[in-house]
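Visitor: Structure file query07.cif, mmCIF, C-alpha atoms and all ligand atoms, is pasted below:
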data_coords
#
loop_
_atom_site.label_atom_id
_atom_site.label_comp_id
_atom_site.auth_asym_id
_atom_site.auth_seq_id
_atom_site.Cartn_x
_atom_site.Cartn_y
_atom_site.Cartn_z
CA MET W 1 2.28 3.03 10.93
CA ASN W 2 0.25 0.33 9.10
CA ILE W 3 0.56 -0.10 5.35
CA ILE W 4 -1.24 -2.09 2.65
CA LEU W 5 0.62 -3.11 -0.50
CA PHE W 6 -1.92 -3.88 -3.15
CA GLY W 7 -1.50 -5.11 -6.71
CA PRO W 8 -1.46 -8.16 -8.98
CA PRO W 9 0.81 -11.17 -8.41
CA GLY W 10 4.28 -10.16 -9.56
CA ALA W 11 3.74 -6.44 -8.93
CA GLY W 12 6.64 -6.36 -6.48
CA LYS W 13 4.65 -6.24 -3.25
CA GLY W 14 6.96 -8.69 -1.49
CA THR W 15 10.08 -6.81 -2.57
CA GLN W 16 8.73 -3.47 -1.37
CA ALA W 17 7.40 -5.06 1.83
CA LYS W 18 10.96 -6.13 2.67
CA PHE W 19 12.15 -2.55 2.21
CA LEU W 20 9.32 -1.28 4.45
CA VAL W 21 10.15 -3.82 7.15
CA LYS W 22 13.54 -2.15 7.49
CA LYS W 23 12.29 1.38 6.97
CA ILE W 24 9.59 1.39 9.66
CA ASN W 25 10.86 -1.51 11.72
CA GLY W 26 7.73 -3.33 10.70
CA PHE W 27 6.39 -6.83 10.10
CA GLN W 28 5.58 -8.21 6.67
CA ILE W 29 2.19 -9.91 6.78
CA SER W 30 2.25 -11.93 3.57
CA THR W 31 -0.80 -14.19 3.51
CA GLY W 32 0.86 -16.15 0.68
CA ASP W 33 3.92 -16.85 2.89
CA ILE W 34 1.73 -17.67 5.90
CA LEU W 35 -0.27 -20.15 3.81
CA ARG W 36 2.85 -21.68 2.20
CA GLU W 37 4.24 -22.25 5.70
CA GLU W 38 1.13 -24.27 6.61
CA ILE W 39 1.76 -26.43 3.54
CA ASN W 40 5.46 -26.84 4.28
CA LYS W 41 4.70 -27.88 7.86
CA ASP W 42 2.03 -30.26 6.54
CA THR W 43 -0.58 -29.00 9.04
CA GLU W 44 -4.31 -29.75 8.81
CA ILE W 45 -4.78 -26.29 7.24
CA GLY W 46 -1.92 -27.01 4.85
CA LYS W 47 -3.66 -30.19 3.66
CA LYS W 48 -6.90 -28.28 3.07
CA ILE W 49 -5.37 -25.45 1.05
CA ILE W 50 -2.69 -27.15 -1.04
CA ASN W 51 -4.89 -27.81 -4.07
CA ASN W 52 -6.30 -24.29 -4.27
CA MET W 53 -2.84 -22.78 -3.88
CA ASN W 54 -1.32 -24.96 -6.58
CA GLU W 55 -4.16 -24.16 -8.95
CA GLY W 56 -3.86 -20.40 -8.36
CA LYS W 57 -7.28 -20.21 -6.72
CA PHE W 58 -8.13 -18.25 -3.60
CA VAL W 59 -7.88 -19.97 -0.26
CA ASP W 60 -11.12 -19.90 1.72
CA ASP W 61 -11.73 -16.57 3.50
CA GLY W 62 -12.39 -18.27 6.83
CA ILE W 63 -8.90 -19.83 6.84
CA VAL W 64 -7.07 -16.71 5.66
CA ASN W 65 -8.95 -14.43 8.04
CA SER W 66 -8.29 -16.58 11.08
CA LEU W 67 -4.56 -16.85 10.32
CA LEU W 68 -4.38 -13.10 9.78
CA LYS W 69 -6.15 -12.27 13.03
CA ASN W 70 -3.24 -13.58 15.14
CA HIS W 71 -0.89 -11.10 13.51
CA ILE W 72 -3.19 -8.09 13.82
CA PHE W 73 -3.76 -8.76 17.51
CA ASP W 74 -0.09 -9.44 18.24
CA PRO W 75 0.94 -6.54 20.54
CA ASN W 76 4.51 -6.61 19.16
CA LYS W 77 3.23 -5.96 15.66
CA LYS W 78 0.70 -3.26 16.52
CA GLU W 79 1.04 -0.19 14.27
CA LYS W 80 3.84 -1.94 12.37
CA LEU W 81 1.80 -4.08 10.00
CA ILE W 82 2.78 -4.28 6.35
CA PHE W 83 0.10 -6.18 4.46
CA ASP W 84 1.32 -7.99 1.37
CA GLY W 85 -1.35 -9.99 -0.47
CA TYR W 86 -4.22 -9.11 1.84
CA PRO W 87 -6.91 -7.92 1.31
CA ARG W 88 -7.60 -9.44 -2.08
CA SER W 89 -11.39 -9.12 -2.19
CA LEU W 90 -14.02 -6.72 -0.94
CA SER W 91 -15.09 -9.08 1.83
CA GLN W 92 -11.45 -9.30 3.01
CA ALA W 93 -11.14 -5.50 2.93
CA LYS W 94 -14.23 -5.21 5.09
CA ASN W 95 -12.96 -7.92 7.43
CA LEU W 96 -9.67 -6.06 7.76
CA ASP W 97 -11.52 -2.88 8.72
CA ILE W 98 -13.35 -4.77 11.47
CA LEU W 99 -10.16 -6.35 12.84
CA LEU W 100 -8.32 -3.02 12.77
CA ASP W 101 -11.20 -1.35 14.53
CA GLN W 102 -11.31 -4.07 17.20
CA SER W 103 -7.57 -3.76 17.76
CA LYS W 104 -7.78 0.07 17.73
CA GLN W 105 -5.63 0.54 14.66
CA LYS W 106 -5.99 2.12 11.25
CA ILE W 107 -4.27 2.00 7.86
CA ASP W 108 -1.92 4.91 7.19
CA HIS W 109 -0.97 4.15 3.59
CA ILE W 110 -2.40 2.05 0.79
CA PHE W 111 0.05 1.65 -2.09
CA PHE W 112 -1.38 0.25 -5.29
CA LEU W 113 1.42 -1.12 -7.48
CA ASN W 114 -0.13 -1.15 -10.92
CA VAL W 115 1.47 -3.45 -13.52
CA ASN W 116 0.23 -4.81 -16.84
CA LYS W 117 -0.19 -8.49 -17.67
CA GLU W 118 2.85 -8.77 -19.99
CA THR W 119 5.24 -7.42 -17.34
CA ILE W 120 3.77 -9.77 -14.74
CA ILE W 121 4.25 -12.83 -16.93
CA LYS W 122 7.89 -11.89 -17.56
CA ARG W 123 8.58 -11.26 -13.87
CA ILE W 124 6.89 -14.40 -12.60
CA GLU W 125 8.68 -16.59 -15.11
CA LYS W 126 11.94 -15.17 -13.76
CA ARG W 127 10.80 -15.71 -10.15
CA LYS W 128 9.90 -19.33 -10.93
CA ILE W 129 13.56 -20.01 -11.67
CA LEU W 130 14.77 -18.19 -8.55
CA GLU W 131 12.19 -19.29 -5.96
CA LYS W 132 10.88 -22.55 -7.48
CA ARG W 133 7.28 -21.81 -6.47
CA SER W 134 4.87 -24.50 -7.68
CA ASP W 135 2.20 -21.88 -8.54
CA ASP W 136 4.49 -19.88 -10.83
CA ASP W 137 3.99 -21.82 -14.09
CA LEU W 138 2.39 -19.94 -16.99
CA ASP W 139 -1.09 -21.50 -16.74
CA THR W 140 -1.32 -20.79 -13.04
CA ILE W 141 0.06 -17.27 -13.46
CA LEU W 142 -2.71 -16.53 -15.98
CA LYS W 143 -5.31 -18.02 -13.64
CA ARG W 144 -4.00 -15.96 -10.71
CA TYR W 145 -4.06 -12.84 -12.85
CA ASP W 146 -7.68 -13.51 -13.94
CA THR W 147 -8.70 -14.06 -10.33
CA TYR W 148 -6.99 -10.79 -9.44
CA ILE W 149 -8.83 -8.86 -12.17
CA LYS W 150 -12.20 -10.34 -11.19
CA THR W 151 -11.95 -9.74 -7.47
CA THR W 152 -9.88 -6.64 -7.08
CA LYS W 153 -11.85 -3.99 -8.92
CA PRO W 154 -14.28 -3.68 -5.98
CA VAL W 155 -11.31 -3.46 -3.60
CA LEU W 156 -9.79 -0.65 -5.65
CA ASP W 157 -13.12 1.18 -5.71
CA TYR W 158 -13.34 0.70 -1.95
CA TYR W 159 -9.87 2.12 -1.25
CA SER W 160 -9.25 4.62 -4.03
CA LYS W 161 -11.55 7.22 -2.47
CA ASN W 162 -9.35 7.33 0.65
CA SER W 163 -6.87 10.16 0.95
CA ASN W 164 -4.18 7.67 1.97
CA PHE W 165 -4.47 5.72 -1.33
CA GLN W 166 -1.52 6.11 -3.70
CA GLU W 167 -1.21 4.52 -7.12
CA ILE W 168 2.35 3.78 -8.22
CA ASP W 169 3.55 2.58 -11.61
CA GLY W 170 4.73 -0.90 -10.66
CA SER W 171 6.54 -1.42 -13.96
CA MET W 172 9.32 0.94 -12.85
CA GLU W 173 12.65 -0.34 -11.51
CA ILE W 174 12.62 -1.59 -7.90
CA ASP W 175 14.59 1.41 -6.61
CA GLN W 176 12.34 3.89 -8.35
CA ILE W 177 9.27 2.33 -6.74
CA THR W 178 10.99 2.32 -3.36
CA ASN W 179 11.81 6.01 -3.75
CA LYS W 180 8.20 6.84 -4.58
CA ILE W 181 6.95 4.93 -1.55
CA GLU W 182 9.55 6.57 0.66
CA ALA W 183 8.49 10.02 -0.50
CA PHE W 184 4.86 9.29 0.43
CA LEU W 185 5.82 7.94 3.83
CA ASN W 186 7.38 11.18 4.90
CA VAL W 187 9.43 9.56 7.70
P1 LIG W 201 0.94 -14.72 -3.09
O1 LIG W 201 2.16 -15.25 -2.42
O2 LIG W 201 0.40 -13.46 -2.43
O3 LIG W 201 1.09 -14.55 -4.58
O4 LIG W 201 -0.21 -15.81 -2.88
C1 LIG W 201 -0.08 -17.12 -3.37
C2 LIG W 201 -1.40 -17.87 -3.26
O5 LIG W 201 -1.81 -17.93 -1.89
C3 LIG W 201 -2.58 -17.23 -3.97
O6 LIG W 201 -2.62 -17.57 -5.36
C4 LIG W 201 -3.75 -17.83 -3.21
O7 LIG W 201 -3.94 -19.19 -3.56
C5 LIG W 201 -3.23 -17.80 -1.77
N1 LIG W 201 -3.51 -16.52 -1.09
C6 LIG W 201 -2.60 -15.59 -0.67
N2 LIG W 201 -3.20 -14.56 -0.07
C7 LIG W 201 -4.54 -14.83 -0.11
C8 LIG W 201 -5.70 -14.12 0.32
N3 LIG W 201 -5.61 -12.92 0.90
N4 LIG W 201 -6.91 -14.72 0.12
C9 LIG W 201 -7.02 -15.93 -0.48
N5 LIG W 201 -5.98 -16.64 -0.93
C10 LIG W 201 -4.74 -16.10 -0.75
#
What do you get writing this file as structure tokens?
Ligand code: AMP
Guide:
Amino acid sequence: MNIILFGPPGAGKGTQAKFLVKKINGFQISTGDILREEINKDTEIGKKIINNMNEGKFVDDGIVNSLLKNHIFDPNKKEKLIFDGYPRSLSQAKNLDILLDQSKQKIDHIFFLNVNKETIIKRIEKRKILEKRSDDDLDTILKRYDTYIKTTKPVLDYYSKNSNFQEIDGSMEIDQITNKIEAFLNV
């Protein structure tokens, strides 16, 4: 079973991805984590992306897509992919379709965790204290949210017609969201 968790920064995608990892014995494919690892390891890619990441801007599609490809084609992860933070734009959604097609896979569930701006700001300010992420200050949060609003509408239009698309109120408590997701999974 492959799953996409979709929603603004701070919607709780990472938290729910961790639940799903256990539930379906899956692999969390967080492009944010994958990119942060490149920065932490100070790789050539890390050096290229650090400014965009710190400013809350998108990292270049070519870089994200190539890092993602390794995971999709990893035989151990086949049919156990939990996408968290990808796709974020229509071109990424289309790229994902191509990669899934090439690797003979499909998406079983798309969960859209919908949260308003005020809730996001509150949650990310809390996360800043806990995780000490350099892109969690208020200015960057607002920039990331604006980027999300600009680029995601086409992605929502692209996915919302699918029968496997489910919108969930992401402002609910973590357990309530988990229960909703679990009910849709039917496993
Ligand atoms: P996240 O951990 O998902 O909130 O992502 C943190 C940052 O990583 C984003 O603000 C972007 O700079 C970058 N990033 C993560 N996923 C993507 C993606 N799919 N496309 C472009 N940039 C991304």
Visitor: So, with all atoms listed in the file as the atoms that count, which of W:Ser134, W:Asn164, W:Asn70, W:Asn116 lies closest to W:Ile39?
Guide: W:Ser134
Visitor: Produce a table with one row for each residue of chain W that has an atom at most 6 Å from any atom of ligand LIG 201 (chain W), each row naming the nearest atom pair and its distance in Å at one decimal; use all atoms listed in the file; arrange rows by chain and rising residue number; format as a Markdown table.
Guide:
| residue | atom | partner | partner_atom | distance |
| --- | --- | --- | --- | --- |
| W:Pro9 | CA | W:LIG201 | O3 | 5.1 |
| W:Thr31 | CA | W:LIG201 | N2 | 4.3 |
| W:Gly32 | CA | W:LIG201 | O1 | 3.5 |
| W:Asp33 | CA | W:LIG201 | O1 | 5.8 |
| W:Asn52 | CA | W:LIG201 | O7 | 5.7 |
| W:Met53 | CA | W:LIG201 | O7 | 3.8 |
| W:Gly56 | CA | W:LIG201 | O6 | 4.3 |
| W:Lys57 | CA | W:LIG201 | O7 | 4.7 |
| W:Phe58 | CA | W:LIG201 | N5 | 3.8 |
| W:Val59 | CA | W:LIG201 | N5 | 3.9 |
| W:Val64 | CA | W:LIG201 | N4 | 5.9 |
| W:Gly85 | CA | W:LIG201 | O2 | 4.4 |
| W:Tyr86 | CA | W:LIG201 | N3 | 4.2 |
| W:Pro87 | CA | W:LIG201 | N3 | 5.2 |
| W:Arg88 | CA | W:LIG201 | N3 | 5.0 |
| W:Arg144 | CA | W:LIG201 | O6 | 5.8 |
Visitor: With only C-alpha atoms as the basis for distance, which of W:Ile168, W:Ile82, W:Leu90, W:Ile129 is at the shortest distance from W:Ile107?
Guide: W:Ile82
Visitor: Please list as a list in words every residue within 12 Å of W:Asp157, counting all atoms listed in the file and excluding residues in the same chain fewer than 4 positions away.
Guide: Ser89, Leu90, Ala93, Phe112, Thr151, Thr152, Lys153, Lys161, Asn162 and Phe165 of chain W
Visitor: Taking all atoms listed in the file into account, which of W:Leu5, W:Asp139, W:Asp61, W:Leu67 comes nearest W:Phe19?
Guide: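 Counting all atoms listed in the file, the residue closest to W:Phe19 is W:Leu5.
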Visitor: With all atoms listed in the file as the counted atoms, please give the residues lying no more than 12 Å from W:Pro75, apart from itself and same-chain residues fewer than 5 positions off, as a list in words.
Guide: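 Final neighbour list, sorted by chain and number: Phe27, Lys69, Asn70, Lys80, Leu81, Ser103, Lys104 and Gln105 of chain W.
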Visitor: With C-alpha atoms kept, could you save the residues just selected as a CSV table (one decimal), keeping the file's coordinate frame?
Guide:
chain,number,residue,atom,x,y,z
W,27,PHE,CA,6.4,-6.8,10.1
W,69,LYS,CA,-6.2,-12.3,13.0
W,70,ASN,CA,-3.2,-13.6,15.1
W,80,LYS,CA,3.8,-1.9,12.4
W,81,LEU,CA,1.8,-4.1,10.0
W,103,SER,CA,-7.6,-3.8,17.8
W,104,LYS,CA,-7.8,0.1,17.7
W,105,GLN,CA,-5.6,0.5,14.7
Visitor: Atom CA of W:Gln16 and atom CA of W:Ile174 are how many Å apart?
Guide: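 Atom-to-atom, atom CA of W:Gln16 to atom CA of W:Ile174, that is 7.8 Å.
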Visitor: Could the centre and edge lengths of an axis-aligned box, enclosing all atoms of stretch 25-36 of chain W in the file with 5 Å extra on each side, be given in Å to one decimal as AutoDock Vina command-line options?
Guide:
--center_x 5.0 --center_y -11.6 --center_z 6.2 --size_x 21.7 --size_y 30.2 --size_z 21.0
Visitor: Distance atom CA of W:Phe111-atom CA of W:Gln166, one decimal place?
Guide: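 Atom CA of W:Gln166 lies at a distance of 5.0 Å from atom CA of W:Phe111.
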Visitor: How far is it from atom CA of W:Leu156 to atom CA of W:Phe6, in Å with one decimal?
Guide: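 Atom CA of W:Phe6 lies 8.9 Å from atom CA of W:Leu156.
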Visitor: Could you pull the residues within 10 Å of W:Ile177, counting all atoms listed in the file, minus those fewer than 4 positions along the same chain, as a list in words?
Guide: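 Surrounding residues, per the criterion: Gly12, Gln16, Leu113, Ile168, Asp169, Gly170, Ser171, Met172, Glu173, Ile181, Glu182 and Ala183 of chain W.
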Visitor: Which of these residues is nearest to W:Asp135, using only C-alpha atoms: W:Glu55, W:Leu35, W:Asn186, W:Glu44?
Guide: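 Under the stated criterion, the closest residue is W:Glu55.
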